[in-house]
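upload_10.cif (mmCIF, C-alpha atoms) appears below.
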```cif
data_structure
loop_
_atom_site.label_atom_id
_atom_site.label_comp_id
_atom_site.auth_asym_id
_atom_site.auth_seq_id
_atom_site.Cartn_x
_atom_site.Cartn_y
_atom_site.Cartn_z
CA MET A 257 83.63 75.88 84.76
CA CYS A 258 85.44 79.21 84.50
CA TYR A 259 86.36 80.75 87.84
CA ASP A 260 86.23 84.41 88.77
CA LEU A 261 89.73 85.50 89.76
CA GLY A 262 88.50 87.84 92.47
CA THR A 263 90.98 90.53 93.48
CA VAL A 264 93.83 89.21 91.34
CA THR A 265 93.88 90.52 87.79
CA VAL A 266 96.03 88.72 85.25
CA PRO A 267 95.15 90.01 81.77
CA GLY A 268 93.86 87.34 79.44
CA LEU A 269 94.04 84.53 82.00
CA ASP A 270 91.27 81.91 82.07
CA ILE A 271 91.23 79.37 84.90
CA ARG A 272 89.20 76.19 84.58
CA ARG A 273 88.66 72.99 86.48
CA VAL A 274 90.08 70.07 84.49
CA SER A 275 87.51 68.03 82.60
CA PRO A 276 87.44 65.34 79.88
CA GLU A 277 87.29 67.89 77.07
CA LEU A 278 90.59 69.37 78.32
CA HIS A 279 92.34 65.97 78.26
CA ASP A 280 94.61 66.65 75.28
CA GLU A 281 95.56 70.15 76.47
CA VAL A 282 96.47 68.97 79.95
CA LEU A 283 98.58 66.06 78.71
CA HIS A 284 100.31 68.28 76.16
CA TYR A 285 101.18 70.64 79.00
CA PHE A 286 102.67 67.85 81.11
CA ASP A 287 104.38 66.24 78.09
CA LEU A 288 106.12 69.29 76.66
CA VAL A 289 105.72 72.46 78.73
CA ALA A 290 105.42 71.98 82.48
CA TYR A 291 108.87 70.46 83.02
CA ALA A 292 110.71 71.94 80.07
CA ASP A 293 113.39 73.35 82.38
CA ASN A 294 113.18 70.53 84.94
CA PRO A 295 113.19 67.24 83.00
CA ALA A 296 114.02 65.22 86.13
CA TRP A 297 110.40 65.65 87.21
CA SER A 298 108.83 64.97 83.82
CA ASP A 299 107.63 61.50 84.81
CA CYS A 300 105.34 62.77 87.59
CA TYR A 301 102.13 63.90 85.80
CA CYS A 302 101.07 65.08 89.28
CA MET A 303 100.45 61.51 90.43
CA GLU A 304 102.75 61.72 93.46
CA ARG A 305 99.93 62.40 95.95
CA LEU A 306 97.54 59.85 94.46
CA ASP A 307 99.41 56.56 94.46
CA PRO A 308 101.09 54.91 97.47
CA ASP A 309 103.48 53.15 95.04
CA PHE A 310 104.38 56.32 93.15
CA GLN A 311 108.14 55.84 93.53
CA GLN A 312 107.95 52.52 91.66
CA ARG A 313 105.86 53.78 88.75
CA SER A 314 107.26 54.64 85.34
CA LYS A 315 106.62 57.78 83.33
CA ALA A 316 104.38 55.84 80.96
CA GLU A 317 102.37 54.45 83.88
CA ASN A 318 101.91 57.90 85.41
CA ARG A 319 100.89 59.37 82.07
CA ALA A 320 98.34 56.60 81.54
CA ALA A 321 96.95 57.07 85.04
CA ARG A 322 96.58 60.84 84.54
CA SER A 323 94.94 60.24 81.16
CA GLU A 324 92.43 57.83 82.71
CA LEU A 325 91.59 60.30 85.49
CA LEU A 326 91.03 63.07 82.95
CA ARG A 327 88.84 60.98 80.66
CA SER A 328 86.75 59.67 83.58
CA ALA A 329 86.10 63.18 84.95
CA LYS A 330 87.63 62.07 88.26
CA ALA A 331 90.70 64.29 88.02
CA ASN A 332 91.20 67.07 90.51
CA GLY A 333 93.02 70.17 89.41
CA LEU A 334 92.84 73.53 87.73
CA ILE A 335 94.57 74.86 84.65
CA ALA A 336 95.35 78.42 83.71
CA ARG A 337 95.11 79.25 80.00
CA ARG A 338 96.25 82.35 78.16
CA LEU A 339 96.32 83.07 74.45
CA GLY A 340 95.00 79.60 73.70
CA ARG A 341 97.62 77.64 75.65
CA VAL A 342 97.94 76.17 79.12
CA VAL A 343 100.42 78.14 81.22
CA GLY A 344 99.76 76.79 84.70
CA TRP A 345 98.50 73.85 86.75
CA CYS A 346 97.33 73.54 90.34
CA HIS A 347 96.43 70.29 92.11
CA ALA A 348 93.66 71.06 94.60
CA ALA A 349 91.44 68.33 96.03
CA PRO A 350 89.62 67.10 99.12
CA LYS A 351 92.42 65.92 101.39
CA SER A 352 90.63 62.60 101.84
CA GLU A 353 91.41 61.80 98.18
CA LEU A 354 95.16 62.41 98.50
CA VAL A 355 96.79 59.28 99.89
CA ASN A 356 100.34 60.66 100.13
CA VAL A 357 99.61 63.64 102.36
CA ASP A 358 100.15 63.38 106.11
CA GLY A 359 97.60 64.36 108.73
CA HIS A 360 93.96 63.80 109.55
CA ARG A 361 91.35 63.16 106.86
CA ASP A 362 88.44 65.42 107.77
CA ALA A 363 85.87 65.16 104.96
CA SER A 364 85.46 68.94 104.90
CA LEU A 365 89.19 69.70 104.56
CA GLY A 366 90.72 70.52 101.19
CA ALA A 367 94.40 70.44 100.23
CA ILE A 368 96.52 72.30 97.69
CA VAL A 369 99.63 70.27 96.90
CA CYS A 370 101.17 71.36 93.61
CA PHE A 371 101.71 74.31 91.28
CA VAL A 372 103.50 74.11 87.95
CA VAL A 373 103.73 77.34 85.94
CA ALA A 374 105.20 77.31 82.45
CA PRO A 375 108.80 78.59 82.41
CA ASP A 376 107.95 81.59 80.22
CA ALA A 377 104.92 82.56 82.34
CA ARG A 378 106.47 82.74 85.81
CA ARG A 379 106.51 85.82 88.04
CA GLN A 380 103.35 87.13 86.39
CA GLY A 381 100.82 86.35 89.14
CA ILE A 382 99.61 83.06 87.67
CA ALA A 383 100.26 80.93 90.77
CA THR A 384 98.43 83.49 92.92
CA ALA A 385 95.49 83.48 90.53
CA LEU A 386 95.45 79.67 90.62
CA LEU A 387 95.54 79.73 94.43
CA ASN A 388 92.52 82.02 94.62
CA ALA A 389 90.64 79.90 92.10
CA ALA A 390 91.59 76.71 93.98
CA MET A 391 90.13 78.11 97.19
CA GLU A 392 86.88 78.93 95.40
CA HIS A 393 86.86 75.52 93.72
CA LEU A 394 87.25 73.73 97.06
CA ARG A 395 84.60 75.94 98.65
CA ARG A 396 82.17 74.97 95.90
CA ARG A 397 82.96 71.32 96.58
CA GLY A 398 81.84 71.74 100.18
CA MET A 399 85.20 72.16 101.88
CA ARG A 400 85.14 74.30 105.03
CA ALA A 401 88.91 74.80 105.24
CA VAL A 402 91.96 74.24 103.06
CA GLU A 403 95.55 73.31 103.86
CA ALA A 404 98.82 73.61 101.98
CA TYR A 405 102.35 72.46 102.73
CA PRO A 406 104.98 74.98 101.62
CA TYR A 407 108.68 74.22 101.88
CA THR A 408 110.50 76.41 104.40
CA GLY A 409 113.98 74.86 104.43
CA GLU A 410 117.22 76.19 103.06
CA VAL A 411 117.17 77.32 99.45
CA THR A 412 120.26 76.05 97.67
CA PRO A 413 121.23 76.03 93.97
CA GLY A 414 119.23 73.47 92.08
CA ARG A 415 116.42 73.41 94.66
CA TRP A 416 114.23 76.12 93.09
CA ALA A 417 111.63 73.71 91.75
CA TYR A 418 111.40 71.77 95.00
CA VAL A 419 111.01 74.98 96.99
CA ASN A 420 108.23 76.30 94.78
CA TYR A 421 106.14 73.41 93.52
CA ARG A 422 103.95 73.40 96.63
CA GLY A 423 103.70 77.18 96.50
CA PRO A 424 105.86 79.62 98.48
CA LEU A 425 104.91 80.38 102.07
CA ALA A 426 104.73 84.12 101.32
CA MET A 427 101.98 83.55 98.75
CA TYR A 428 99.84 81.68 101.25
CA LEU A 429 100.35 84.25 103.99
CA GLU A 430 99.39 87.01 101.55
CA ALA A 431 96.15 85.10 100.83
CA GLY A 432 95.28 84.92 104.53
CA PHE A 433 96.51 81.43 105.44
CA GLU A 434 97.98 80.91 108.91
CA VAL A 435 100.81 78.58 109.90
CA VAL A 436 99.37 75.84 112.12
CA GLU A 437 102.27 73.38 112.23
CA ARG A 438 105.99 73.40 111.51
CA THR A 439 108.54 70.71 110.71
CA PRO A 440 112.26 71.30 110.05
CA ASP A 441 111.77 71.87 106.30
CA THR A 442 108.06 72.49 105.78
CA CYS A 443 105.00 73.88 107.45
CA VAL A 444 101.25 73.39 107.31
CA VAL A 445 99.18 76.45 106.52
CA ARG A 446 95.40 76.58 106.76
CA ILE A 447 92.54 78.96 106.04
CA PRO A 448 88.82 78.61 106.75
CA LEU A 449 86.47 78.88 103.79
CA GLY A 450 83.09 80.55 103.88
CA GLU A 451 79.80 79.08 102.69
CA SER A 452 79.41 78.60 98.95
CA GLN A 453 76.34 79.67 97.01
CA GLY A 454 76.68 76.68 94.69
CA ARG A 455 78.56 73.50 93.92
CA ASP A 456 80.56 72.33 90.91
#
```

Represent the structure of the file as structure tokens.
Amino acid sequence: MCYDLGTVTVPGLDIRRVSPELHDEVLHYFDLVAYADNPAWSDCYCMERLDPDFQQRSKAENRAARSELLRSAKANGLIARRLGRVVGWCHAAPKSELVNVDGHRDASLGAIVCFVVAPDARRQGIATALLNAAMEHLRRRGMRAVEAYPYTGEVTPGRWAYVNYRGPLAMYLEAGFEVVERTPDTCVVRIPLGESQGRD
């Protein structure tokens, strides 16, 4: 499924929901591109929100789990492709499917929990395009609202990735989200979604 990017125009960008036929591309992105400048996170494979025992899992175990999700068509997420290569990832899912996210589990509530943009593709509007596509994706899946959890604490050297992987607060506010809860270092933002004309 290719998503319309709405009001955000990023030349040559194609955003798709992950699917079995994209298995090799997605794993290649996680293997070699996504964490090229942040190798400390290279064992994640965006499994942090899906497994209560994530901290005890190895890189190989996380890679195998992501591979299985992709092949089974059970994976949630969107990729951004440009010039034949993946340049961005967004993990967007019904909140009820994300075990490591705090808060209530309303069946009609979606959650956006991760962005990873390739180092050479940052500051080009890709995360914003992924956010817009994620909102449409969740709307098509029957979600009536979507939450996200941006970091709002102090930005210190070496914390850039941690500050940005959930998406910056300014991006969500620009998209119309409102802050509904605050903690010392994070906040919860939420936006209602309108009715969809179709489902994925």

To test your reading of the syntax: which residues would the PyMOL selection byres ((chain A and resi 314) around 12) return for the file shown? Reply as a PyMOL selection string. chain A and resi 297-301+303-304+309-313+315-321

What would the selection look like, as an mmCIF file with C-alpha atoms, keeping the file's coordinate frame, if the PyMOL selection byres ((chain A and resi 450) around 12) were run on the coordinates I just shared?
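Writing the result to expr07.cif gives the following:
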```
data_model
loop_
_atom_site.group_PDB
_atom_site.id
_atom_site.type_symbol
_atom_site.label_atom_id
_atom_site.label_comp_id
_atom_site.auth_asym_id
_atom_site.auth_seq_id
_atom_site.Cartn_x
_atom_site.Cartn_y
_atom_site.Cartn_z
ATOM 1 C CA SER A 364 85.460 68.940 104.900
ATOM 2 C CA MET A 391 90.130 78.110 97.190
ATOM 3 C CA GLU A 392 86.880 78.930 95.400
ATOM 4 C CA HIS A 393 86.860 75.520 93.720
ATOM 5 C CA LEU A 394 87.250 73.730 97.060
ATOM 6 C CA ARG A 395 84.600 75.940 98.650
ATOM 7 C CA ARG A 396 82.170 74.970 95.900
ATOM 8 C CA ARG A 397 82.960 71.320 96.580
ATOM 9 C CA GLY A 398 81.840 71.740 100.180
ATOM 10 C CA MET A 399 85.200 72.160 101.880
ATOM 11 C CA ARG A 400 85.140 74.300 105.030
ATOM 12 C CA ALA A 401 88.910 74.800 105.240
ATOM 13 C CA VAL A 402 91.960 74.240 103.060
ATOM 14 C CA ILE A 447 92.540 78.960 106.040
ATOM 15 C CA PRO A 448 88.820 78.610 106.750
ATOM 16 C CA LEU A 449 86.470 78.880 103.790
ATOM 17 C CA GLU A 451 79.800 79.080 102.690
ATOM 18 C CA SER A 452 79.410 78.600 98.950
ATOM 19 C CA GLN A 453 76.340 79.670 97.010
ATOM 20 C CA GLY A 454 76.680 76.680 94.690
#
```

Please, which residues in region 361-414 of chain A fall within 8 Å of region 333-349 of chain A when counting all atoms listed in the file, and what is the closest atom pair and distance in Å to one decimal for each, ordered by chain then residue number, as a tab-separated table?
```
residue	atom	partner	partner_atom	distance
A:Gly366	CA	A:Ala349	CA	5.7
A:Ala367	CA	A:Ala349	CA	5.6
A:Ile368	CA	A:Ala348	CA	4.4
A:Val369	CA	A:His347	CA	5.8
A:Cys370	CA	A:His347	CA	5.1
A:Phe371	CA	A:Cys346	CA	4.5
A:Val372	CA	A:Trp345	CA	5.1
A:Val373	CA	A:Gly344	CA	4.2
A:Ala374	CA	A:Val343	CA	5.0
A:Ala377	CA	A:Val343	CA	6.4
A:Ile382	CA	A:Gly344	CA	6.9
A:Ala383	CA	A:Gly344	CA	7.4
A:Leu386	CA	A:Cys346	CA	6.4
A:Leu387	CA	A:Cys346	CA	7.6
A:Ala390	CA	A:Ala348	CA	6.0
A:Leu394	CA	A:Ala349	CA	6.9
```

I'd like the residues picked by the PyMOL selection byres ((chain A and resi 324-329) around 7) written out as number ranges by chain, using the chain letters and numbers from the file. A: 275-276, 279, 320-323, 330-331

In Å, with one decimal, what is the gap from CA of Ala290 (chain A) to CA of Asp376 (chain A)?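 Computing it gives 10.2 Å between the two atoms.
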
Ser352 (chain A) surroundings by all atoms listed in the file, 7 Å radius, close-in-sequence under 5 positions cut, as a PyMOL selection string: chain A and resi 361-363

Find the residues around Pro440 (chain A) up to 12 Å (only C-alpha atoms counted), leave out those fewer than 6 positions away in its own chain, and share them as an MDAnalysis selection string. chainID A and resid 406:410

Contacts of Phe433 (chain A) within 7 Å, all atoms listed in the file, excl. fewer than 5 positions in-chain, as a short mmCIF file (atom, residue, chain, number, x, y, z; two decimals) with C-alpha atoms, in the frame of the given file:
```
data_model
loop_
_atom_site.label_atom_id
_atom_site.label_comp_id
_atom_site.auth_asym_id
_atom_site.auth_seq_id
_atom_site.Cartn_x
_atom_site.Cartn_y
_atom_site.Cartn_z
CA TYR A 428 99.84 81.68 101.25
CA VAL A 445 99.18 76.45 106.52
CA ARG A 446 95.40 76.58 106.76
CA ILE A 447 92.54 78.96 106.04
#
```

What separates CA of Glu434 (chain A) and CA of Pro308 (chain A) is a distance of 28.6 Å

State, in Å with one decimal place, the distance from CA of Tyr291 (chain A) to CA of Asn332 (chain A).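 Pair CA of Tyr291 (chain A) / CA of Asn332 (chain A) returns 19.5 Å.
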